[in-house]
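The next block is structure.pdb, given as PDB, C-alpha atoms and all ligand atoms.
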```
ATOM      1  CA  MET A   1      86.972 -46.351  99.680
ATOM      2  CA  ALA A   2      84.961 -45.091  96.720
ATOM      3  CA  ARG A   3      82.263 -42.529  97.517
ATOM      4  CA  ILE A   4      79.339 -40.962  95.647
ATOM      5  CA  THR A   5      79.826 -37.217  96.010
ATOM      6  CA  ALA A   6      77.133 -35.806  93.726
ATOM      7  CA  GLY A   7      74.103 -36.615  91.634
ATOM      8  CA  ILE A   8      73.353 -34.771  88.417
ATOM      9  CA  THR A   9      70.395 -35.009  86.069
ATOM     10  CA  THR A  10      70.000 -33.674  82.565
ATOM     11  CA  SER A  11      67.933 -34.067  79.416
ATOM     12  CA  HIS A  12      69.733 -35.676  76.457
ATOM     13  CA  ILE A  13      68.179 -33.915  73.442
ATOM     14  CA  PRO A  14      70.073 -34.975  70.279
ATOM     15  CA  ALA A  15      69.702 -31.528  68.670
ATOM     16  CA  VAL A  16      71.691 -30.101  71.613
ATOM     17  CA  GLY A  17      74.600 -32.337  70.616
ATOM     18  CA  ALA A  18      74.195 -31.298  66.983
ATOM     19  CA  ALA A  19      74.129 -27.598  67.979
ATOM     20  CA  LEU A  20      77.474 -28.022  69.759
ATOM     21  CA  ASP A  21      79.017 -30.166  67.027
ATOM     22  CA  ASN A  22      77.989 -27.703  64.306
ATOM     23  CA  GLY A  23      79.092 -24.532  66.104
ATOM     24  CA  LYS A  24      75.589 -23.220  66.804
ATOM     25  CA  ALA A  25      75.773 -23.042  70.620
ATOM     26  CA  ASP A  26      75.991 -19.221  70.614
ATOM     27  CA  GLU A  27      72.883 -18.778  68.467
ATOM     28  CA  ALA A  28      69.980 -17.008  70.189
ATOM     29  CA  TYR A  29      67.861 -20.186  70.246
ATOM     30  CA  TRP A  30      70.537 -22.322  71.922
ATOM     31  CA  GLN A  31      72.372 -19.818  74.111
ATOM     32  CA  PRO A  32      69.884 -19.988  77.040
ATOM     33  CA  VAL A  33      69.949 -23.797  76.902
ATOM     34  CA  PHE A  34      73.732 -23.940  77.330
ATOM     35  CA  ALA A  35      73.863 -21.032  79.819
ATOM     36  CA  GLY A  36      72.059 -23.213  82.343
ATOM     37  CA  TYR A  37      74.956 -25.698  82.300
ATOM     38  CA  GLU A  38      77.717 -23.205  83.168
ATOM     39  CA  PHE A  39      77.324 -23.988  86.871
ATOM     40  CA  ALA A  40      77.787 -27.734  86.309
ATOM     41  CA  ARG A  41      80.781 -27.225  84.017
ATOM     42  CA  THR A  42      82.532 -25.187  86.715
ATOM     43  CA  TYR A  43      81.420 -27.692  89.350
ATOM     44  CA  GLU A  44      82.948 -30.568  87.361
ATOM     45  CA  ARG A  45      86.206 -28.670  86.859
ATOM     46  CA  ASP A  46      86.374 -27.900  90.596
ATOM     47  CA  THR A  47      85.331 -31.270  92.023
ATOM     48  CA  LYS A  48      87.163 -33.469  89.452
ATOM     49  CA  PRO A  49      85.193 -36.725  89.655
ATOM     50  CA  ASP A  50      87.171 -39.858  88.759
ATOM     51  CA  VAL A  51      84.202 -41.842  87.515
ATOM     52  CA  VAL A  52      80.625 -41.100  86.461
ATOM     53  CA  ILE A  53      78.017 -43.846  86.789
ATOM     54  CA  LEU A  54      75.929 -42.647  83.872
ATOM     55  CA  VAL A  55      72.342 -43.873  83.905
ATOM     56  CA  TYR A  56      70.869 -43.401  80.436
ATOM     57  CA  ASN A  57      68.818 -45.091  77.791
ATOM     58  CA  ASP A  58      69.839 -46.478  74.440
ATOM     59  CA  HIS A  59      67.556 -45.474  71.547
ATOM     60  CA  ALA A  60      67.745 -48.634  69.380
ATOM     61  CA  SER A  61      71.442 -47.926  68.683
ATOM     62  CA  ALA A  62      73.234 -50.703  70.626
ATOM     63  CA  PHE A  63      70.123 -52.760  71.345
ATOM     64  CA  ASP A  64      67.097 -53.424  69.198
ATOM     65  CA  MET A  65      64.023 -55.636  69.337
ATOM     66  CA  THR A  66      66.210 -58.779  69.303
ATOM     67  CA  PHE A  67      67.242 -58.183  72.915
ATOM     68  CA  ILE A  68      65.949 -55.695  75.445
ATOM     69  CA  PRO A  69      67.817 -55.640  78.762
ATOM     70  CA  THR A  70      65.889 -53.850  81.497
ATOM     71  CA  PHE A  71      69.082 -52.866  83.340
ATOM     72  CA  ALA A  72      72.456 -53.275  81.599
ATOM     73  CA  ILE A  73      75.907 -52.348  82.869
ATOM     74  CA  GLY A  74      78.790 -51.549  80.538
ATOM     75  CA  CYS A  75      81.876 -53.421  81.759
ATOM     76  CA  ALA A  76      84.151 -52.686  78.777
ATOM     77  CA  ASP A  77      87.367 -50.641  78.820
ATOM     78  CA  SER A  78      85.914 -48.298  76.207
ATOM     79  CA  PHE A  79      82.674 -47.575  74.370
ATOM     80  CA  PRO A  80      82.621 -46.351  70.751
ATOM     81  CA  ILE A  81      80.250 -43.575  69.659
ATOM     82  CA  ALA A  82      77.137 -44.895  67.889
ATOM     83  CA  ASP A  83      76.223 -43.872  64.364
ATOM     84  CA  GLU A  84      72.627 -42.667  64.668
ATOM     85  CA  GLY A  85      72.244 -41.938  60.972
ATOM     86  CA  TRP A  86      74.550 -38.940  60.404
ATOM     87  CA  GLY A  87      77.806 -40.688  61.313
ATOM     88  CA  PRO A  88      79.085 -40.928  64.890
ATOM     89  CA  ARG A  89      79.148 -37.597  66.778
ATOM     90  CA  PRO A  90      82.646 -36.028  66.658
ATOM     91  CA  VAL A  91      83.270 -36.585  70.366
ATOM     92  CA  PRO A  92      85.951 -38.673  72.095
ATOM     93  CA  GLU A  93      85.466 -42.366  72.673
ATOM     94  CA  VAL A  94      84.084 -43.015  76.158
ATOM     95  CA  GLN A  95      86.531 -44.687  78.536
ATOM     96  CA  GLY A  96      85.053 -47.229  80.935
ATOM     97  CA  HIS A  97      86.191 -48.315  84.383
ATOM     98  CA  ALA A  98      85.993 -52.074  83.928
ATOM     99  CA  ASP A  99      87.092 -52.987  87.433
ATOM    100  CA  LEU A 100      84.532 -50.763  89.151
ATOM    101  CA  ALA A 101      81.854 -51.843  86.659
ATOM    102  CA  TRP A 102      82.473 -55.544  87.333
ATOM    103  CA  HIS A 103      82.463 -54.818  91.057
ATOM    104  CA  ILE A 104      79.087 -53.036  90.748
ATOM    105  CA  ALA A 105      77.738 -55.894  88.598
ATOM    106  CA  GLN A 106      78.866 -58.476  91.148
ATOM    107  CA  SER A 107      77.621 -56.495  94.118
ATOM    108  CA  CYS A 108      74.219 -55.723  92.558
ATOM    109  CA  ILE A 109      73.630 -59.260  91.231
ATOM    110  CA  LEU A 110      74.518 -60.864  94.567
ATOM    111  CA  ASP A 111      72.280 -58.174  96.130
ATOM    112  CA  GLU A 112      69.445 -59.608  93.941
ATOM    113  CA  PHE A 113      69.490 -57.033  91.115
ATOM    114  CA  ASP A 114      70.083 -59.099  87.988
ATOM    115  CA  MET A 115      71.956 -56.715  85.706
ATOM    116  CA  THR A 116      72.820 -57.664  82.133
ATOM    117  CA  ILE A 117      76.605 -57.521  81.707
ATOM    118  CA  ILE A 118      77.625 -55.835  78.445
ATOM    119  CA  ASN A 119      81.208 -56.130  77.210
ATOM    120  CA  ALA A 120      80.855 -54.328  73.876
ATOM    121  CA  MET A 121      78.440 -51.470  73.282
ATOM    122  CA  ALA A 122      78.261 -48.304  71.224
ATOM    123  CA  VAL A 123      76.793 -45.334  73.115
ATOM    124  CA  ASP A 124      74.297 -42.921  71.561
ATOM    125  CA  HIS A 125      73.003 -39.397  72.298
ATOM    126  CA  GLY A 126      71.491 -40.670  75.549
ATOM    127  CA  LEU A 127      75.029 -40.838  76.948
ATOM    128  CA  THR A 128      77.087 -38.483  74.792
ATOM    129  CA  VAL A 129      74.851 -35.395  74.993
ATOM    130  CA  PRO A 130      75.004 -35.292  78.829
ATOM    131  CA  MET A 131      78.811 -35.704  78.564
ATOM    132  CA  SER A 132      79.025 -32.761  76.151
ATOM    133  CA  LEU A 133      76.797 -30.605  78.355
ATOM    134  CA  MET A 134      78.938 -31.219  81.447
ATOM    135  CA  PHE A 135      82.402 -31.203  79.878
ATOM    136  CA  GLY A 136      82.062 -29.233  76.641
ATOM    137  CA  GLN A 137      84.130 -29.890  73.533
ATOM    138  CA  VAL A 138      87.260 -31.717  74.637
ATOM    139  CA  ASP A 139      89.918 -33.943  73.059
ATOM    140  CA  ALA A 140      89.448 -36.584  75.763
ATOM    141  CA  TRP A 141      86.718 -36.893  78.383
ATOM    142  CA  PRO A 142      88.116 -36.027  81.837
ATOM    143  CA  VAL A 143      86.307 -38.933  83.567
ATOM    144  CA  LYS A 144      85.825 -42.643  83.213
ATOM    145  CA  VAL A 145      82.243 -43.798  82.745
ATOM    146  CA  VAL A 146      80.287 -46.796  83.960
ATOM    147  CA  PRO A 147      77.239 -46.815  81.652
ATOM    148  CA  ILE A 148      73.996 -48.150  83.108
ATOM    149  CA  ALA A 149      71.520 -48.568  80.264
ATOM    150  CA  VAL A 150      67.831 -48.745  81.212
ATOM    151  CA  ASN A 151      65.020 -49.885  78.951
ATOM    152  CA  VAL A 152      62.509 -47.031  78.683
ATOM    153  CA  VAL A 153      61.838 -47.578  74.971
ATOM    154  CA  THR A 154      59.880 -50.853  74.857
ATOM    155  CA  TYR A 155      57.017 -51.551  77.260
ATOM    156  CA  PRO A 156      57.370 -52.406  80.114
ATOM    157  CA  PRO A 157      60.059 -50.155  81.550
ATOM    158  CA  PRO A 158      61.072 -50.750  85.181
ATOM    159  CA  SER A 159      58.960 -49.112  87.874
ATOM    160  CA  GLY A 160      60.159 -45.960  89.597
ATOM    161  CA  ASN A 161      60.510 -47.859  92.852
ATOM    162  CA  ARG A 162      62.610 -50.576  91.202
ATOM    163  CA  CYS A 163      64.851 -47.823  89.824
ATOM    164  CA  TRP A 164      65.123 -46.267  93.286
ATOM    165  CA  LEU A 165      66.057 -49.607  94.862
ATOM    166  CA  LEU A 166      68.674 -50.217  92.159
ATOM    167  CA  GLY A 167      70.140 -46.812  92.992
ATOM    168  CA  GLU A 168      70.416 -47.871  96.629
ATOM    169  CA  ALA A 169      72.124 -51.118  95.558
ATOM    170  CA  ILE A 170      74.568 -49.178  93.351
ATOM    171  CA  ALA A 171      75.398 -46.946  96.334
ATOM    172  CA  ARG A 172      76.152 -50.043  98.444
ATOM    173  CA  ALA A 173      78.343 -51.381  95.650
ATOM    174  CA  VAL A 174      80.323 -48.147  95.382
ATOM    175  CA  ALA A 175      80.749 -47.932  99.164
ATOM    176  CA  SER A 176      82.313 -51.415  99.174
ATOM    177  CA  TYR A 177      84.839 -50.670  96.399
ATOM    178  CA  PRO A 178      88.251 -50.486  98.070
ATOM    179  CA  GLU A 179      89.941 -47.868  95.874
ATOM    180  CA  ASP A 180      89.579 -44.213  96.869
ATOM    181  CA  LEU A 181      87.460 -42.863  93.995
ATOM    182  CA  ASN A 182      85.364 -39.717  93.650
ATOM    183  CA  VAL A 183      82.235 -41.056  91.954
ATOM    184  CA  GLN A 184      79.238 -39.141  90.614
ATOM    185  CA  ILE A 185      75.963 -40.664  89.503
ATOM    186  CA  TRP A 186      73.942 -39.044  86.744
ATOM    187  CA  GLY A 187      70.309 -39.665  85.844
ATOM    188  CA  THR A 188      69.558 -38.570  82.289
ATOM    189  CA  GLY A 189      66.687 -38.222  79.813
ATOM    190  CA  GLY A 190      63.393 -36.344  80.229
ATOM    191  CA  MET A 191      61.783 -34.017  80.999
ATOM    192  CA  SER A 192      58.332 -33.783  79.402
ATOM    193  CA  HIS A 193      58.276 -34.659  75.705
ATOM    194  CA  GLN A 194      56.333 -36.721  73.222
ATOM    195  CA  LEU A 195      57.828 -37.315  69.794
ATOM    196  CA  GLN A 196      54.917 -38.930  67.967
ATOM    197  CA  GLY A 197      51.148 -39.184  67.686
ATOM    198  CA  PRO A 198      48.472 -36.540  68.199
ATOM    199  CA  ARG A 199      50.134 -35.222  71.365
ATOM    200  CA  ALA A 200      53.589 -34.765  69.742
ATOM    201  CA  GLY A 201      55.188 -31.609  71.097
ATOM    202  CA  LEU A 202      53.624 -31.925  74.539
ATOM    203  CA  ILE A 203      55.394 -29.928  77.288
ATOM    204  CA  ASN A 204      54.126 -29.725  80.887
ATOM    205  CA  LYS A 205      56.042 -27.101  82.833
ATOM    206  CA  ALA A 206      53.915 -27.294  85.979
ATOM    207  CA  TRP A 207      54.353 -31.063  86.234
ATOM    208  CA  ASP A 208      58.093 -30.919  85.435
ATOM    209  CA  THR A 209      58.625 -28.247  88.094
ATOM    210  CA  ALA A 210      56.788 -30.331  90.685
ATOM    211  CA  PHE A 211      58.946 -33.334  89.684
ATOM    212  CA  LEU A 212      62.131 -31.292  90.236
ATOM    213  CA  ASP A 213      60.834 -30.026  93.602
ATOM    214  CA  LYS A 214      60.020 -33.541  94.772
ATOM    215  CA  LEU A 215      63.279 -34.977  93.443
ATOM    216  CA  THR A 216      65.140 -32.792  95.917
ATOM    217  CA  ALA A 217      62.791 -32.518  98.867
ATOM    218  CA  ASP A 218      60.178 -35.279  98.764
ATOM    219  CA  PRO A 219      61.480 -38.156  96.620
ATOM    220  CA  GLU A 220      59.291 -40.679  98.464
ATOM    221  CA  ALA A 221      56.360 -39.112  96.602
ATOM    222  CA  LEU A 222      58.002 -40.045  93.277
ATOM    223  CA  ARG A 223      58.991 -43.612  94.121
ATOM    224  CA  HIS A 224      55.553 -45.104  93.730
ATOM    225  CA  MET A 225      54.236 -42.915  90.918
ATOM    226  CA  PRO A 226      52.804 -45.269  88.249
ATOM    227  CA  HIS A 227      53.967 -45.237  84.622
ATOM    228  CA  ILE A 228      50.612 -43.924  83.449
ATOM    229  CA  ASP A 229      51.182 -40.656  85.331
ATOM    230  CA  TYR A 230      54.450 -40.079  83.444
ATOM    231  CA  LEU A 231      52.774 -40.858  80.126
ATOM    232  CA  ARG A 232      49.700 -38.743  80.729
ATOM    233  CA  GLU A 233      51.475 -35.747  82.257
ATOM    234  CA  ALA A 234      54.938 -35.773  80.639
ATOM    235  CA  GLY A 235      54.206 -37.518  77.329
ATOM    236  CA  SER A 236      55.293 -40.913  76.032
ATOM    237  CA  GLU A 237      59.022 -40.057  76.188
ATOM    238  CA  GLY A 238      58.565 -38.442  79.614
ATOM    239  CA  ILE A 239      58.912 -42.005  80.935
ATOM    240  CA  GLU A 240      62.680 -41.463  80.578
ATOM    241  CA  LEU A 241      62.377 -39.665  83.931
ATOM    242  CA  VAL A 242      62.209 -42.964  85.854
ATOM    243  CA  MET A 243      65.976 -43.118  85.258
ATOM    244  CA  TRP A 244      66.444 -40.062  87.479
ATOM    245  CA  LEU A 245      65.202 -42.146  90.412
ATOM    246  CA  ILE A 246      68.223 -44.466  90.122
ATOM    247  CA  MET A 247      70.420 -41.419  90.708
ATOM    248  CA  ARG A 248      68.201 -40.173  93.515
ATOM    249  CA  GLY A 249      68.008 -43.556  95.260
ATOM    250  CA  ALA A 250      71.816 -43.710  95.248
ATOM    251  CA  LEU A 251      72.145 -40.358  97.048
ATOM    252  CA  GLY A 252      70.203 -41.345 100.177
ATOM    253  CA  PRO A 253      67.303 -39.617 101.900
ATOM    254  CA  LYS A 254      68.651 -36.069 102.288
ATOM    255  CA  VAL A 255      70.301 -33.945  99.627
ATOM    256  CA  ARG A 256      71.346 -30.360  99.023
ATOM    257  CA  GLU A 257      70.266 -28.764  95.734
ATOM    258  CA  LEU A 258      73.157 -26.744  94.345
ATOM    259  CA  HIS A 259      71.720 -25.762  90.986
ATOM    260  CA  ARG A 260      68.636 -26.088  88.824
ATOM    261  CA  HIS A 261      67.945 -25.258  85.181
ATOM    262  CA  TYR A 262      64.657 -25.564  83.312
ATOM    263  CA  HIS A 263      64.209 -24.281  79.790
ATOM    264  CA  VAL A 264      61.731 -24.476  76.905
ATOM    265  CA  PRO A 265      62.075 -24.544  73.889
ATOM    266  CA  ALA A 266      64.863 -26.936  72.905
ATOM    267  CA  SER A 267      63.903 -29.232  70.058
ATOM    268  CA  ASN A 268      60.790 -31.126  71.259
ATOM    269  CA  THR A 269      61.743 -31.476  74.905
ATOM    270  CA  ALA A 270      61.667 -29.536  78.163
ATOM    271  CA  VAL A 271      65.277 -29.219  79.334
ATOM    272  CA  GLY A 272      65.622 -30.139  83.001
ATOM    273  CA  HIS A 273      68.901 -30.214  84.904
ATOM    274  CA  ILE A 274      69.710 -30.373  88.585
ATOM    275  CA  VAL A 275      72.891 -30.754  90.670
ATOM    276  CA  LEU A 276      72.564 -32.458  94.051
ATOM    277  CA  GLU A 277      74.954 -33.432  96.802
ATOM    278  CA  PRO A 278      74.130 -36.114  99.389
ATOM    279  CA  LEU A 279      73.831 -34.931 103.001
ATOM    280  CA  PRO A 280      74.943 -37.176 105.874
TER
HETATM  281  C1  LIG A 301      64.335 -35.602  71.301
HETATM  282  C2  LIG A 301      64.420 -35.911  72.659
HETATM  283  C3  LIG A 301      64.856 -37.156  73.062
HETATM  284  O1  LIG A 301      64.930 -37.551  74.370
HETATM  285  C4  LIG A 301      65.251 -38.098  72.130
HETATM  286  O2  LIG A 301      65.743 -39.272  72.564
HETATM  287  C5  LIG A 301      65.179 -37.800  70.767
HETATM  288  C6  LIG A 301      64.705 -36.548  70.367
HETATM  289  C7  LIG A 301      63.871 -34.246  70.842
HETATM  290  O3  LIG A 301      63.568 -33.377  71.654
HETATM  291  O4  LIG A 301      63.822 -34.022  69.624
HETATM  292 FE    FE A 302      65.464 -39.823  74.509
END
```
Step by step, read the file and then write its structure as structure tokens.
Amino acid sequence: MARITAGITTSHIPAVGAALDNGKADEAYWQPVFAGYEFARTYERDTKPDVVILVYNDHASAFDMTFIPTFAIGCADSFPIADEGWGPRPVPEVQGHADLAWHIAQSCILDEFDMTIINAMAVDHGLTVPMSLMFGQVDAWPVKVVPIAVNVVTYPPPSGNRCWLLGEAIARAVASYPEDLNVQIWGTGGMSHQLQGPRAGLINKAWDTAFLDKLTADPEALRHMPHIDYLREAGSEGIELVMWLIMRGALGPKVRELHRHYHVPASNTAVGHIVLEPLP
């Protein structure tokens, strides 16, 4: 039987990917950003997940205003790297797990979560930067990936509670997959940031820290937090944090926090990263 063994969250700042790709990771500005991921890199090497269910958002790379799926699942065998304006990042193509993805799609849809099934999709920094942070610069990614793309770009994004409930449905789907697979679920994006308008550059450390605390110990308090709280407190792009609740919903009520990293500055965004394991 497949089992979810860990939940990981991380920001997906594109400049972090560019720093790695351009050999700048050891520079004084970036070194403390990457240092906070050493724990997770060792953890991934030690625990060797087979598959990562990677909850992320597309930034008008694969989707645009012509179609806007709220929840999409990538069911392809592989996902090419998107060109976001500077050519595709020099990272390996992402390998899917089509059979598990179709199983999750079937299970969730029959469980009344109407996912959009995607059979061809390029993946952008929302997916590739978390991969680079966890696995470094490699010739081939050491895991297969089931991408779950969430709309947090065009209003209205899904509610935090809807994300939580989808996470629970994904956990049921994984638990009913017959093959013995070590599966992780990642929630990506965030933390506080706003990229445009008069409040561009907004960072809210106190609010982010409280979010991390509650994510581990009191997630019920986050489930029903309205969108306006994310926007007001964490900036317009802080709404990416609803995606973390899909991860958290999938882990069940009690978790153990193995590692936490919070760092400012990194581009325009507060870096937030946490490693959780579900408790029985
Ligand atoms: C930045 C952060 C993001 O989440 C994003 O999608 C693009 C840019 C930034 O910090 O610059
Ligand atoms: Fe983003």
Contact table chain A vs ligand FE 302 (chain A), cut-off 12 Å, shortest pair per residue, only C-alpha atoms and all ligand atoms, as CSV:
```
residue,atom,partner,partner_atom,distance
A:Thr10,CA,A:FE302,FE,11.1
A:Ser11,CA,A:FE302,FE,8.0
A:His12,CA,A:FE302,FE,6.3
A:Ile13,CA,A:FE302,FE,6.6
A:Pro14,CA,A:FE302,FE,7.9
A:Ala15,CA,A:FE302,FE,11.0
A:Val16,CA,A:FE302,FE,11.9
A:Tyr56,CA,A:FE302,FE,8.8
A:Asn57,CA,A:FE302,FE,7.1
A:Asp58,CA,A:FE302,FE,8.0
A:His59,CA,A:FE302,FE,6.7
A:Ala60,CA,A:FE302,FE,10.4
A:Ser61,CA,A:FE302,FE,11.6
A:Asp124,CA,A:FE302,FE,9.8
A:His125,CA,A:FE302,FE,7.9
A:Gly126,CA,A:FE302,FE,6.2
A:Leu127,CA,A:FE302,FE,9.9
A:Thr128,CA,A:FE302,FE,11.7
A:Val129,CA,A:FE302,FE,10.4
A:Pro130,CA,A:FE302,FE,11.4
A:Val150,CA,A:FE302,FE,11.4
A:Asn151,CA,A:FE302,FE,11.0
A:Val152,CA,A:FE302,FE,8.8
A:Val153,CA,A:FE302,FE,8.6
A:Thr188,CA,A:FE302,FE,8.9
A:Gly189,CA,A:FE302,FE,5.7
A:Gly190,CA,A:FE302,FE,7.0
A:Met191,CA,A:FE302,FE,9.5
A:Ser192,CA,A:FE302,FE,10.5
A:His193,CA,A:FE302,FE,8.9
A:Gln194,CA,A:FE302,FE,9.7
A:Leu195,CA,A:FE302,FE,9.3
A:Gly235,CA,A:FE302,FE,11.8
A:Ser236,CA,A:FE302,FE,10.3
A:Glu237,CA,A:FE302,FE,6.7
A:Gly238,CA,A:FE302,FE,8.7
A:Ile239,CA,A:FE302,FE,9.4
A:Glu240,CA,A:FE302,FE,6.9
A:Leu241,CA,A:FE302,FE,9.9
A:Met243,CA,A:FE302,FE,11.3
A:Ser267,CA,A:FE302,FE,11.6
A:Asn268,CA,A:FE302,FE,10.4
A:Thr269,CA,A:FE302,FE,9.1
A:Ala270,CA,A:FE302,FE,11.6
A:Val271,CA,A:FE302,FE,11.7
```
Legend entry - Test item: the PyMOL selection byres (((chain A and resi 95) around 9) and not hetatm) resolved as a list in words: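 Here the PyMOL selection byres (((chain A and resi 95) around 9) and not hetatm) matches Ala76, Asp77, Ser78, Phe79, Pro80, Pro92, Glu93, Val94, Gly96, His97, Trp141, Val143, Lys144, Val145 and Val146 of chain A.
One finds CA of Leu251 in chain A at 8.2 Å from CA of Leu279 in chain A.
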Inset, instruction - Check which residues satisfy the PyMOL selection byres (((chain A and resi 113) around 10) and not hetatm) in the file shown, then give them as number ranges by chain. - result: A: 71, 105-112, 114-116, 162, 165-166, 169-170
Inset, instruction - Would you kindly translate the PyMOL selection byres (((chain A and resi 137) around 10) and not hetatm) into the concrete residues it picks from this file, as a list in words? - result: Leu20, Asp21, Pro90, Val91, Pro92, Met131, Ser132, Leu133, Met134, Phe135, Gly136, Val138, Asp139, Ala140 and Trp141 of chain A
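CA of Val255 in chain A is found 18.0 Å from CA of Ile53 in chain A.
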Legend entry - Distance in Å - CA of Pro69 in chain A versus CA of Gln196 in chain A: 23.7 Å
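Minimum atom-to-atom distances from A:Gly85, A:Pro156, A:Pro265, A:Gly187 to ligand LIG 301 (chain A) were compared using all atoms listed in the file, and the lowest value belongs to A:Pro265.
Distances to ligand LIG 301 (chain A) were evaluated for A:Ala25, A:Ala210, A:Val174, A:Leu202 using all atoms listed in the file, and the minimum falls at A:Leu202.
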Would you give the centre and edge lengths, in Å to one decimal, of a box along x, y and z around the listed atoms of ligand LIG 301 (chain A), with 4 Å added to each side, as AutoDock Vina command-line options?
```
--center_x 64.7 --center_y -36.3 --center_z 72.0 --size_x 10.2 --size_y 13.9 --size_z 12.7
```
Inset, instruction - Could you tell me which of A:Pro88, A:Gly160, A:Pro142, A:Gly74 comes closest to Ala120 in chain A if we count only C-alpha atoms? - result: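 Comparing A:Pro88, A:Gly160, A:Pro142, A:Gly74 against Ala120 in chain A, the winner is A:Gly74.
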Inset, instruction - Return the single residue from A:Leu215, A:Ile203, A:Ala221, A:Cys163 that is closest to ligand LIG 301 (chain A), with distances computed using only C-alpha atoms and all ligand atoms. - result: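 For ligand LIG 301 (chain A), the nearest of the given residues is A:Ile203.
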Legend entry - Shell of 10 Å around Pro178 in chain A, all atoms listed in the file, local chain residues under 2 positions omitted, as a list in words: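 Result of the neighbour search: Met1, Ala2, Arg3, Leu100, Val174, Ala175, Ser176, Asp180 and Leu181 of chain A.
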Restricted to C-alpha atoms, what would the selected residues look like written as a short mmCIF file (atom, residue, chain, number, x, y, z; two decimals), in the frame of the given file?
```cif
data_model
loop_
_atom_site.label_atom_id
_atom_site.label_comp_id
_atom_site.auth_asym_id
_atom_site.auth_seq_id
_atom_site.Cartn_x
_atom_site.Cartn_y
_atom_site.Cartn_z
CA MET A 1 86.97 -46.35 99.68
CA ALA A 2 84.96 -45.09 96.72
CA ARG A 3 82.26 -42.53 97.52
CA LEU A 100 84.53 -50.76 89.15
CA VAL A 174 80.32 -48.15 95.38
CA ALA A 175 80.75 -47.93 99.16
CA SER A 176 82.31 -51.42 99.17
CA ASP A 180 89.58 -44.21 96.87
CA LEU A 181 87.46 -42.86 94.00
#
```
Inset, instruction - Skip Val33 in chain A itself and residues of its chain fewer than 4 positions away, then list as a VMD selection string all residues within 8 Å of it, counting all atoms listed in the file. - result: chain A and resid 29 37 263 266 271
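Shortest separation to Glu257 in chain A among A:Leu212, A:Tyr230, A:Asp50, A:Asp26 occurs at residue A:Leu212, atoms counted being only C-alpha atoms.
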With C-alpha atoms retained, output range 38-71 of chain A as a compact mmCIF listing (two decimals), in the first residue's frame.
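Below is the file result.txt, written as the result:
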```txt
# COMPACT_ATOMS: atom_id res chain seq x y z
CA GLU A 38 20.55 21.30 4.27
CA PHE A 39 18.34 19.39 6.71
CA ALA A 40 15.76 18.58 4.02
CA ARG A 41 18.41 17.55 1.50
CA THR A 42 19.84 15.04 3.98
CA TYR A 43 16.32 13.97 4.93
CA GLU A 44 15.47 13.27 1.28
CA ARG A 45 18.68 11.31 0.76
CA ASP A 46 17.97 9.24 3.89
CA THR A 47 14.24 8.61 3.44
CA LYS A 48 14.29 8.13 -0.38
CA PRO A 49 10.70 8.96 -1.33
CA ASP A 50 9.43 7.24 -4.49
CA VAL A 51 6.94 9.93 -5.41
CA VAL A 52 6.28 13.54 -4.44
CA ILE A 53 2.75 14.91 -4.77
CA LEU A 54 3.85 18.46 -5.47
CA VAL A 55 1.20 21.08 -4.80
CA TYR A 56 2.21 24.30 -6.55
CA ASN A 57 0.91 27.09 -8.69
CA ASP A 58 1.54 27.87 -12.32
CA HIS A 59 2.38 31.52 -13.04
CA ALA A 60 0.75 31.95 -16.49
CA SER A 61 3.29 29.50 -17.98
CA ALA A 62 1.16 26.42 -18.78
CA PHE A 63 -2.20 28.11 -18.24
CA ASP A 64 -3.32 31.61 -19.08
CA MET A 65 -6.57 33.57 -19.07
CA THR A 66 -8.07 31.20 -21.68
CA PHE A 67 -8.48 28.47 -19.06
CA ILE A 68 -8.03 28.59 -15.31
CA PRO A 69 -8.38 25.25 -13.53
CA THR A 70 -8.87 25.63 -9.79
CA PHE A 71 -7.30 22.23 -9.06
```
